[in-house]
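Below: model34.cif (mmCIF, C-alpha atoms)
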```cif
data_upload
loop_
_atom_site.label_atom_id
_atom_site.label_comp_id
_atom_site.auth_asym_id
_atom_site.auth_seq_id
_atom_site.Cartn_x
_atom_site.Cartn_y
_atom_site.Cartn_z
CA MET A 19 -4.55 20.35 25.97
CA HIS A 20 -5.57 17.44 23.70
CA GLU A 21 -6.11 15.71 27.05
CA THR A 22 -9.62 17.26 27.00
CA ALA A 23 -10.53 15.29 23.87
CA VAL A 24 -8.95 12.18 25.39
CA ALA A 25 -10.91 12.68 28.64
CA GLU A 26 -14.21 13.06 26.79
CA SER A 27 -13.52 9.92 24.80
CA ILE A 28 -12.71 7.87 27.93
CA LEU A 29 -15.80 9.20 29.65
CA ARG A 30 -18.11 8.19 26.80
CA THR A 31 -16.83 4.61 26.97
CA ILE A 32 -17.03 4.39 30.77
CA ILE A 33 -20.62 5.67 30.78
CA VAL A 34 -21.63 3.08 28.16
CA GLU A 35 -19.87 0.29 30.08
CA GLY A 36 -21.43 1.49 33.34
CA ASP A 37 -24.90 1.29 31.81
CA LYS A 38 -24.16 -2.24 30.62
CA ALA A 39 -22.88 -3.29 34.03
CA GLY A 40 -25.59 -1.39 35.88
CA ALA A 41 -22.97 -0.19 38.35
CA LYS A 42 -21.16 3.01 39.30
CA PRO A 43 -17.55 3.26 38.09
CA VAL A 44 -14.96 3.87 40.82
CA SER A 45 -11.68 3.83 38.95
CA ALA A 46 -10.11 3.27 35.55
CA ILE A 47 -6.61 2.63 34.23
CA ILE A 48 -5.33 4.07 30.97
CA SER A 49 -1.93 3.56 29.37
CA CYS A 50 -0.02 5.67 26.90
CA GLY A 51 3.22 5.68 24.96
CA GLN A 52 5.97 8.28 25.00
CA PHE A 53 4.82 10.16 21.91
CA ASN A 54 1.17 10.60 22.96
CA ALA A 55 2.27 13.56 25.07
CA ILE A 56 -0.08 12.90 27.97
CA ASN A 57 0.60 15.02 31.01
CA ASP A 58 -0.71 13.42 34.21
CA GLU A 59 -1.85 16.64 35.88
CA VAL A 60 -3.58 18.01 32.80
CA MET A 61 -5.15 14.62 32.10
CA GLY A 62 -6.40 14.28 35.67
CA PHE A 63 -7.87 17.77 35.64
CA ALA A 64 -9.49 17.32 32.22
CA PHE A 65 -11.06 14.04 33.31
CA GLU A 66 -12.29 15.39 36.63
CA THR A 67 -13.88 18.36 34.88
CA ALA A 68 -15.48 16.31 32.11
CA ALA A 69 -16.86 13.83 34.66
CA MET A 70 -18.73 16.46 36.67
CA GLY A 71 -22.46 15.81 36.72
CA THR A 72 -22.07 12.33 35.23
CA THR A 73 -22.01 8.87 36.86
CA CYS A 74 -18.20 9.12 36.66
CA GLU A 75 -17.95 12.11 38.98
CA GLY A 76 -15.43 11.42 41.74
CA MET A 77 -13.90 8.32 40.16
CA THR A 78 -10.12 8.01 39.94
CA LEU A 79 -8.03 7.69 36.79
CA ASP A 80 -4.63 6.02 36.85
CA ILE A 81 -2.22 6.67 34.00
CA LYS A 82 0.51 4.19 33.05
CA HIS A 83 3.36 5.42 30.87
CA ILE A 84 4.78 2.66 28.70
CA PRO A 85 8.47 3.15 27.83
CA LEU A 86 9.49 3.37 24.21
CA ARG A 87 11.87 0.60 23.17
CA ALA A 88 14.50 0.78 20.46
CA ARG A 89 16.68 -1.83 18.79
CA CYS A 90 20.35 -1.07 18.15
CA LYS A 91 21.40 -1.46 14.51
CA LYS A 92 24.98 -2.31 15.51
CA CYS A 93 24.65 -4.87 18.33
CA ASP A 94 20.94 -5.77 18.11
CA THR A 95 20.30 -4.97 21.79
CA THR A 96 16.83 -3.69 22.61
CA PHE A 97 16.79 -0.90 25.13
CA GLU A 98 14.53 1.72 26.69
CA PHE A 99 14.82 4.95 24.71
CA ASP A 100 15.79 7.98 26.74
CA VAL A 101 15.51 11.32 24.98
CA TYR A 102 18.26 12.71 27.26
CA LYS A 103 20.66 9.93 26.30
CA PRO A 104 19.60 8.73 22.87
CA ALA A 105 22.07 5.86 22.48
CA CYS A 106 22.20 2.08 22.80
CA SER A 107 22.47 1.00 26.45
CA GLN A 108 25.00 -1.69 25.47
CA CYS A 109 27.37 -0.25 22.83
CA GLU A 110 26.33 3.45 22.92
CA SER A 111 25.68 3.50 19.18
CA THR A 112 23.26 6.24 18.11
CA GLU A 113 21.97 4.17 15.20
CA PHE A 114 18.80 2.38 16.19
CA ASP A 115 15.22 1.73 15.12
CA PHE A 116 12.22 2.43 17.30
CA GLU A 117 9.82 -0.32 18.10
CA SER A 118 6.28 1.02 17.84
CA ASP A 119 5.23 3.43 20.53
CA ALA A 120 2.38 2.24 22.77
CA PRO A 121 -1.07 3.52 21.78
CA LEU A 122 -3.46 5.34 24.10
CA LEU A 123 -5.50 2.56 25.69
CA LEU A 124 -8.35 2.37 28.13
CA GLU A 125 -7.25 -0.80 29.89
CA THR A 126 -9.68 -1.51 32.72
CA ILE A 127 -12.64 -0.02 34.55
CA GLU A 128 -13.46 -0.96 38.12
CA PHE A 129 -17.14 -0.75 39.15
CA GLU A 130 -18.79 -0.79 42.56
CA GLU A 131 -19.98 -4.24 43.57
CA ASN A 132 -23.74 -4.48 43.27
CA GLU A 133 -25.53 -5.62 46.42
CA MET B 17 -16.17 -5.73 39.51
CA LYS B 18 -13.39 -5.14 37.02
CA VAL B 19 -13.94 -4.87 33.27
CA SER B 20 -10.92 -5.29 30.96
CA LEU B 21 -11.28 -3.39 27.72
CA ASN B 22 -7.86 -2.56 26.27
CA GLN B 23 -9.69 -0.28 23.90
CA LYS B 24 -7.99 2.43 21.87
CA ILE B 25 -9.10 5.70 23.40
CA LEU B 26 -9.11 7.65 20.16
CA SER B 27 -10.79 4.85 18.23
CA ARG B 28 -13.63 7.11 17.11
CA ASN B 29 -11.13 9.50 15.53
CA GLU B 30 -9.22 6.58 14.02
CA GLU B 31 -12.37 5.15 12.46
CA CYS B 32 -13.11 8.49 10.84
CA ALA B 33 -9.48 8.88 9.73
CA LYS B 34 -9.81 5.53 7.93
CA LYS B 35 -12.92 6.86 6.19
CA ASN B 36 -10.98 9.94 5.04
CA LYS B 37 -8.08 7.80 3.87
CA ALA B 38 -10.44 5.62 1.83
CA PHE B 39 -12.01 8.74 0.30
CA PHE B 40 -8.61 10.11 -0.74
CA LYS B 41 -7.51 6.77 -2.15
CA GLU B 42 -10.71 6.25 -4.09
CA ASN B 43 -10.46 9.70 -5.64
CA ASN B 44 -6.71 9.57 -6.19
CA VAL B 45 -6.09 12.60 -3.97
CA PHE B 46 -2.76 13.06 -2.16
CA CYS B 47 -3.39 14.51 1.32
CA LEU B 48 -0.91 16.30 3.57
CA ASN B 49 -1.37 17.23 7.23
CA VAL B 50 0.78 20.29 8.01
CA ILE B 51 1.63 20.82 11.69
CA SER B 52 3.71 23.55 13.33
CA SER B 53 3.81 26.20 16.03
CA PRO B 54 1.80 29.37 15.39
CA GLY B 55 3.68 31.81 13.19
CA SER B 56 6.10 29.39 11.58
CA GLY B 57 4.79 30.17 8.09
CA LYS B 58 2.32 27.38 7.28
CA THR B 59 -0.08 29.61 5.37
CA THR B 60 2.72 31.43 3.54
CA THR B 61 4.30 28.12 2.55
CA ILE B 62 0.99 26.71 1.30
CA SER B 63 0.13 29.94 -0.56
CA ARG B 64 3.47 29.97 -2.33
CA THR B 65 3.12 26.28 -3.20
CA ILE B 66 -0.25 27.04 -4.81
CA LYS B 67 1.16 29.98 -6.74
CA ASP B 68 4.12 27.95 -8.01
CA LEU B 69 2.41 24.60 -8.68
CA GLY B 70 -1.14 25.76 -9.37
CA ASP B 71 -0.76 25.46 -13.14
CA GLN B 72 0.34 21.82 -12.85
CA ILE B 73 -1.92 20.44 -10.11
CA ARG B 74 -5.17 21.39 -8.44
CA ILE B 75 -4.61 22.01 -4.74
CA GLY B 76 -7.40 22.34 -2.18
CA VAL B 77 -6.78 23.52 1.37
CA VAL B 78 -8.52 22.76 4.66
CA GLU B 79 -7.67 25.52 7.12
CA GLY B 80 -7.84 24.91 10.86
CA ASP B 81 -7.88 27.82 13.28
CA ILE B 82 -9.38 28.54 16.65
CA LYS B 83 -11.08 31.66 15.29
CA THR B 84 -11.44 33.60 12.00
CA ASP B 85 -11.29 32.65 8.33
CA THR B 86 -8.24 34.87 7.70
CA ASP B 87 -6.11 31.98 6.48
CA ALA B 88 -8.73 30.58 4.08
CA GLN B 89 -8.97 34.09 2.65
CA LYS B 90 -5.19 34.23 2.17
CA ILE B 91 -5.31 30.92 0.28
CA ARG B 92 -8.10 32.22 -1.96
CA ASP B 93 -6.06 35.40 -2.57
CA ALA B 94 -3.22 33.14 -3.72
CA GLY B 95 -5.59 31.52 -6.22
CA GLY B 96 -6.37 28.38 -4.21
CA GLU B 97 -9.60 26.84 -3.01
CA ALA B 98 -10.07 26.65 0.74
CA VAL B 99 -12.53 25.64 3.44
CA GLN B 100 -12.05 27.06 6.92
CA ILE B 101 -12.68 25.07 10.09
CA GLU B 102 -13.03 27.21 13.21
CA THR B 103 -12.44 24.98 16.22
CA HIS B 104 -13.66 27.59 18.76
CA GLY B 105 -11.00 26.74 21.30
CA ALA B 106 -9.95 23.20 20.41
CA CYS B 107 -6.19 22.93 19.94
CA HIS B 108 -6.20 20.42 17.07
CA LEU B 109 -8.29 19.22 14.13
CA SER B 110 -10.19 15.94 14.37
CA ALA B 111 -10.78 13.49 11.53
CA GLU B 112 -14.49 14.17 11.72
CA GLN B 113 -14.04 17.91 11.16
CA VAL B 114 -11.80 17.15 8.20
CA TYR B 115 -14.39 14.71 6.78
CA ASN B 116 -16.99 17.47 6.70
CA ALA B 117 -14.51 19.99 5.30
CA ILE B 118 -13.37 17.81 2.40
CA LYS B 119 -16.99 17.31 1.39
CA ALA B 120 -17.49 21.09 1.39
CA LEU B 121 -14.24 21.52 -0.56
CA ASN B 122 -15.30 19.01 -3.25
CA ALA B 123 -11.96 17.39 -2.55
CA GLU B 124 -12.64 14.60 -5.04
CA LYS B 125 -11.81 17.10 -7.77
CA MET B 126 -8.38 17.91 -6.30
CA ASP B 127 -4.98 16.38 -7.00
CA VAL B 128 -3.64 17.43 -3.62
CA VAL B 129 -5.42 18.40 -0.39
CA ILE B 130 -3.34 20.24 2.19
CA ILE B 131 -4.72 20.35 5.73
CA GLU B 132 -3.29 23.25 7.69
CA ASN B 133 -3.72 22.16 11.29
CA VAL B 134 -4.23 24.52 14.23
CA GLY B 135 -0.91 26.17 15.15
CA ASN B 136 0.36 23.91 17.94
CA LEU B 137 3.37 21.61 18.06
CA VAL B 138 1.93 19.12 20.56
CA CYS B 139 -1.75 18.23 20.35
CA PRO B 140 -2.35 17.84 16.58
CA SER B 141 0.16 15.01 16.35
CA ALA B 142 -2.09 12.72 18.44
CA PHE B 143 -4.90 12.87 15.85
CA ASP B 144 -4.66 10.97 12.58
CA LEU B 145 -6.69 12.82 9.94
CA GLY B 146 -6.34 10.18 7.24
CA GLU B 147 -3.46 11.98 5.53
CA ALA B 148 -0.96 10.23 3.27
CA ALA B 149 1.92 12.23 4.72
CA ARG B 150 2.59 14.45 7.69
CA VAL B 151 4.63 17.62 7.23
CA ILE B 152 6.19 19.36 10.23
CA LEU B 153 7.27 22.95 9.77
CA LEU B 154 9.89 24.49 12.01
CA SER B 155 10.95 28.08 11.47
CA VAL B 156 14.36 29.49 12.30
CA PRO B 157 13.12 32.20 14.74
CA GLU B 158 11.43 29.54 16.91
CA GLY B 159 14.85 28.32 17.98
CA ASP B 160 16.98 25.24 17.46
CA ASP B 161 15.75 23.43 20.59
CA LYS B 162 12.31 22.51 19.22
CA PRO B 163 12.94 18.99 17.84
CA ILE B 164 14.32 17.70 21.14
CA LYS B 165 11.60 19.46 23.15
CA TYR B 166 8.81 18.00 21.01
CA PRO B 167 10.19 14.56 20.12
CA GLY B 168 6.81 12.92 19.55
CA THR B 169 5.81 15.44 16.91
CA PHE B 170 9.05 15.09 14.95
CA ALA B 171 9.08 11.29 15.34
CA GLU B 172 5.87 11.00 13.36
CA ALA B 173 6.83 13.33 10.50
CA ASP B 174 7.21 12.18 6.91
CA THR B 175 8.96 15.39 6.05
CA VAL B 176 10.28 18.40 7.95
CA LEU B 177 10.50 21.85 6.40
CA ILE B 178 12.91 24.21 8.10
CA ASN B 179 11.37 27.53 7.09
CA LYS B 180 12.63 31.15 7.14
CA ILE B 181 16.21 30.12 6.37
CA ASP B 182 16.67 33.65 4.97
CA LEU B 183 16.81 34.75 8.64
CA MET B 184 19.59 32.34 9.57
CA ASP B 185 22.26 35.08 9.53
CA TYR B 186 20.37 37.20 12.04
CA ILE B 187 19.41 34.55 14.55
CA ASP B 188 21.43 32.25 16.78
CA PHE B 189 20.25 28.99 15.22
CA ASN B 190 22.41 25.88 15.22
CA LEU B 191 21.31 24.04 12.08
CA GLU B 192 23.59 21.07 12.74
CA ARG B 193 21.99 20.56 16.13
CA VAL B 194 18.48 20.72 14.65
CA LEU B 195 19.30 18.15 11.97
CA ALA B 196 20.97 15.85 14.49
CA ASP B 197 18.08 16.11 16.97
CA ILE B 198 15.48 15.36 14.29
CA ARG B 199 17.52 12.34 13.17
CA VAL B 200 17.59 10.98 16.74
CA VAL B 201 13.83 10.43 16.76
CA ASN B 202 13.29 10.05 13.00
CA PRO B 203 16.43 8.83 11.20
CA ASP B 204 14.96 8.52 7.69
CA VAL B 205 12.78 11.63 7.50
CA ASP B 206 13.15 13.97 4.50
CA ILE B 207 14.30 17.42 5.63
CA PHE B 208 14.22 20.52 3.40
CA GLN B 209 15.55 23.97 4.16
CA VAL B 210 13.29 26.61 2.65
CA SER B 211 12.16 30.19 2.73
CA ALA B 212 8.54 30.57 1.68
CA THR B 213 9.12 34.33 1.48
CA THR B 214 12.18 34.44 -0.80
CA GLY B 215 11.48 31.11 -2.49
CA GLU B 216 14.90 29.71 -1.61
CA GLY B 217 14.89 25.90 -1.42
CA MET B 218 11.20 25.63 -2.30
CA ASP B 219 12.04 23.58 -5.42
CA THR B 220 13.30 20.72 -3.24
CA TRP B 221 9.95 20.69 -1.42
CA TYR B 222 7.99 20.82 -4.68
CA ASP B 223 10.02 17.90 -6.07
CA TRP B 224 9.22 15.89 -2.94
CA LEU B 225 5.52 16.79 -3.15
CA MET B 226 5.18 15.94 -6.85
CA ASP B 227 7.12 12.71 -6.43
CA LYS B 228 4.98 11.55 -3.49
CA LYS B 229 1.79 12.61 -5.25
CA ASN B 230 2.70 10.63 -8.36
CA LYS B 231 3.57 7.57 -6.31
CA GLY B 232 0.26 7.94 -4.44
#
```

Translate this file's structure into structure tokens.
Amino acid sequence: MHETAVAESILRTIIVEGDKAGAKPVSAIISCGQFNAINDEVMGFAFETAAMGTTCEGMTLDIKHIPLRARCKKCDTTFEFDVYKPACSQCESTEFDFESDAPLLLETIEFEENE
Amino acid sequence: MKVSLNQKILSRNEECAKKNKAFFKENNVFCLNVISSPGSGKTTTISRTIKDLGDQIRIGVVEGDIKTDTDAQKIRDAGGEAVQIETHGACHLSAEQVYNAIKALNAEKMDVVIIENVGNLVCPSAFDLGEAARVILLSVPEGDDKPIKYPGTFAEADTVLINKIDLMDYIDFNLERVLADIRVVNPDVDIFQVSATTGEGMDTWYDWLMDKKNKG
């Protein structure tokens, strides 16, 4: 449910950028890590609701999930962490360090072309 | 027309969290952000900590709840000072709410400020409040599957308290599994087994708290 706060924050930025550009936003791309706990359906709904009555109403929001990478302490391989199989992809060791999880980012906003 | 921003979405919260952190540092206050499911014993744990350590250090509490000031009242009954934030529906505390609360608490006079977040094991972990350490509470009756179901929350903990261990004999709770699952996402985290009701194991938590406080 923290998606509501995330949606409001995205919306504020898009409205400011839209005013600067003098154009209507049509779509935006956000990205998130594995520990941000962003659920696509909840996020989409929260954004759609928050956007009602603003210049962002009807725009689309794409969400990219960035995998979390880990480095094996035994064989130094870096691999994509999988919570269902938390082990090194190479040597299956369960001793590894996480690389930092991706932050929540507003990557790009696409605006309508002005005539 | 495409505009590339790559801007942190929660940057406003992060800016305010930095302000809180600077405030705590400047005033030599050690701040904890306590996160757990509802009913895991956050208030009981904090109350007991105040009762047991209150003669050594001054502890102030910021209470976060959706409604009521019941928890702030419990803290005051235990002899502590507390400010209640009612979020009126929001599932987590924000750094800005905490900034206002620590001013109301006169937190600069405290040795330790404990923020009791809204009972929720997911949302609060996305919001930095400017704390020096994050404490995750997990109680035995919640079940031993919680760390693996909420990996993000446990990954960002500085310490985990497994509370209500006095109920371990009555509940099917695989402690080995819990410890192993926490270690998967957070290998170096400090884990303490406590009962805030009987007092069992609380000394280990107090030692951790005093040690971290002294180190700043």

Counting all atoms listed in the file, which residues in chain A sit no more than 6 Å from chain B? For each one, give the nearest pair of atoms and the distance in Å, sorted by chain then residue number, as CSV.
```
residue,atom,partner,partner_atom,distance
A:His20,CA,B:Cys139,CA,5.1
A:Phe53,CA,B:Gly168,CA,4.1
A:Asn54,CA,B:Ala142,CA,6.0
A:Leu122,CA,B:Ile25,CA,5.7
A:Leu123,CA,B:Lys24,CA,4.6
A:Leu124,CA,B:Gln23,CA,5.2
A:Glu125,CA,B:Asn22,CA,4.1
A:Thr126,CA,B:Ser20,CA,4.4
A:Ile127,CA,B:Val19,CA,5.2
A:Glu128,CA,B:Lys18,CA,4.3
A:Phe129,CA,B:Met17,CA,5.1
A:Glu131,CA,B:Met17,CA,5.8
```

Write out the residues from the selection above, keeping C-alpha atoms, as a PDB file, in the frame of the given file.
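Result file result.pdb:
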```pdb
ATOM      1  CA  HIS A  20      -5.570  17.440  23.700  1.00  0.00           C
ATOM      2  CA  PHE A  53       4.820  10.160  21.910  1.00  0.00           C
ATOM      3  CA  ASN A  54       1.170  10.600  22.960  1.00  0.00           C
ATOM      4  CA  LEU A 122      -3.460   5.340  24.100  1.00  0.00           C
ATOM      5  CA  LEU A 123      -5.500   2.560  25.690  1.00  0.00           C
ATOM      6  CA  LEU A 124      -8.350   2.370  28.130  1.00  0.00           C
ATOM      7  CA  GLU A 125      -7.250  -0.800  29.890  1.00  0.00           C
ATOM      8  CA  THR A 126      -9.680  -1.510  32.720  1.00  0.00           C
ATOM      9  CA  ILE A 127     -12.640  -0.020  34.550  1.00  0.00           C
ATOM     10  CA  GLU A 128     -13.460  -0.960  38.120  1.00  0.00           C
ATOM     11  CA  PHE A 129     -17.140  -0.750  39.150  1.00  0.00           C
ATOM     12  CA  GLU A 131     -19.980  -4.240  43.570  1.00  0.00           C
TER      13      GLU A 131
END
```

Which residues are close to Ala69 of chain A, i.e. within 10 Å by only C-alpha atoms, leaving aside same-chain residues fewer than 6 positions away? Reply as a ChimeraX atom specification.
/A:25-26,28-30,33,63,75-77

If I take atom CA of Asp93 of chain B and atom CA of Asn122 of chain B, how far is one from the other in Å, to one decimal?
18.8 Å

If the PyMOL selection byres ((chain B and resi 129) around 6) is run on the structure shown, which residues does it catch, given as a ChimeraX atom specification?
/B:47,75-77,128,130

Residues of the last selection are to be written out with C-alpha atoms, as a compact mmCIF listing (two decimals), in the frame of the given file.
```txt
# COMPACT_ATOMS: atom_id res chain seq x y z
CA CYS B 47 -3.39 14.51 1.32
CA ILE B 75 -4.61 22.01 -4.74
CA GLY B 76 -7.40 22.34 -2.18
CA VAL B 77 -6.78 23.52 1.37
CA VAL B 128 -3.64 17.43 -3.62
CA ILE B 130 -3.34 20.24 2.19
```

The PyMOL selection byres ((chain B and resi 118) around 12) applied to the shown file, residues as an MDAnalysis selection string
chainID B and resid 35:37 39:40 43 45 47 76:79 97:101 111:117 119:126 128:131 145:147

I need the residue set behind the PyMOL selection byres ((chain B and resi 60) around 10) for this file; please write it as a list in words.
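Output from the PyMOL selection byres ((chain B and resi 60) around 10), applied to this file: Gly55, Ser56, Gly57, Lys58, Thr59, Thr61, Ile62, Ser63, Arg64, Thr65, Ile66, Asp87, Lys90, Ile91, Ala94, Ser211, Ala212 and Thr213 of chain B.
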
Contacts of Phe208 of chain B at 7 Å or less, counting all atoms listed in the file, minus same-chain residues fewer than 4 places along, as a PDB file with C-alpha atoms, in the coordinates of the input?
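New file part_34.pdb:
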```
ATOM      1  CA  VAL B 176      10.280  18.400   7.950  1.00  0.00           C
ATOM      2  CA  LEU B 177      10.500  21.850   6.400  1.00  0.00           C
ATOM      3  CA  ILE B 178      12.910  24.210   8.100  1.00  0.00           C
ATOM      4  CA  THR B 220      13.300  20.720  -3.240  1.00  0.00           C
ATOM      5  CA  TRP B 221       9.950  20.690  -1.420  1.00  0.00           C
TER       6      TRP B 221
END
```

Just how far from atom CA of Asp80 of chain A is atom CA of Asp58 of chain A, in Å to one decimal?
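Taking atom CA of Asp58 of chain A as the start and atom CA of Asp80 of chain A as the end point, the length is 8.8 Å.
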
Kindly provide, as a PyMOL selection string, the polymer residues lying within 6 Å of (-20.5, 5.0, 37.6), counting all atoms listed in the file and using the coordinates exactly as they appear in the file.
chain A and resi 36+41-43+73-74

Atomic separation - atom CA of Gln72 of chain B relative to atom CA of Asp182 of chain B, Å:
26.9 Å

Excluding segment 101-116 of chain A and any residue of its chain fewer than 4 positions from it, enumerate the residues within 8 Å of it, using all atoms listed in the file, and give them as a ChimeraX atom specification.
/A:86-93,95-97 /B:164,167,200

Those residues you just picked out, can you put them in a file as a PDB file, in the frame of the given file with C-alpha atoms?
```pdb
ATOM      1  CA  LEU A  86       9.490   3.370  24.210  1.00  0.00           C
ATOM      2  CA  ARG A  87      11.870   0.600  23.170  1.00  0.00           C
ATOM      3  CA  ALA A  88      14.500   0.780  20.460  1.00  0.00           C
ATOM      4  CA  ARG A  89      16.680  -1.830  18.790  1.00  0.00           C
ATOM      5  CA  CYS A  90      20.350  -1.070  18.150  1.00  0.00           C
ATOM      6  CA  LYS A  91      21.400  -1.460  14.510  1.00  0.00           C
ATOM      7  CA  LYS A  92      24.980  -2.310  15.510  1.00  0.00           C
ATOM      8  CA  CYS A  93      24.650  -4.870  18.330  1.00  0.00           C
ATOM      9  CA  THR A  95      20.300  -4.970  21.790  1.00  0.00           C
ATOM     10  CA  THR A  96      16.830  -3.690  22.610  1.00  0.00           C
ATOM     11  CA  PHE A  97      16.790  -0.900  25.130  1.00  0.00           C
TER      12      PHE A  97
ATOM     13  CA  ILE B 164      14.320  17.700  21.140  1.00  0.00           C
ATOM     14  CA  PRO B 167      10.190  14.560  20.120  1.00  0.00           C
ATOM     15  CA  VAL B 200      17.590  10.980  16.740  1.00  0.00           C
TER      16      VAL B 200
END
```

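Minimum atom-to-atom distance to Ala23 of chain A, evaluated using all atoms listed in the file, belongs to B:Leu109 out of B:Ile187, B:Leu195, B:Leu109, B:Ala33.
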
Extending 3 Å beyond the listed atoms of segment 123-131 of chain A on each side, what axis-aligned box results? I want centre and edge lengths in Å to one decimal, as lines of an AutoDock Vina configuration file.
```
center_x = -12.7
center_y = -0.8
center_z = 34.6
size_x = 20.5
size_y = 12.8
size_z = 23.9
```
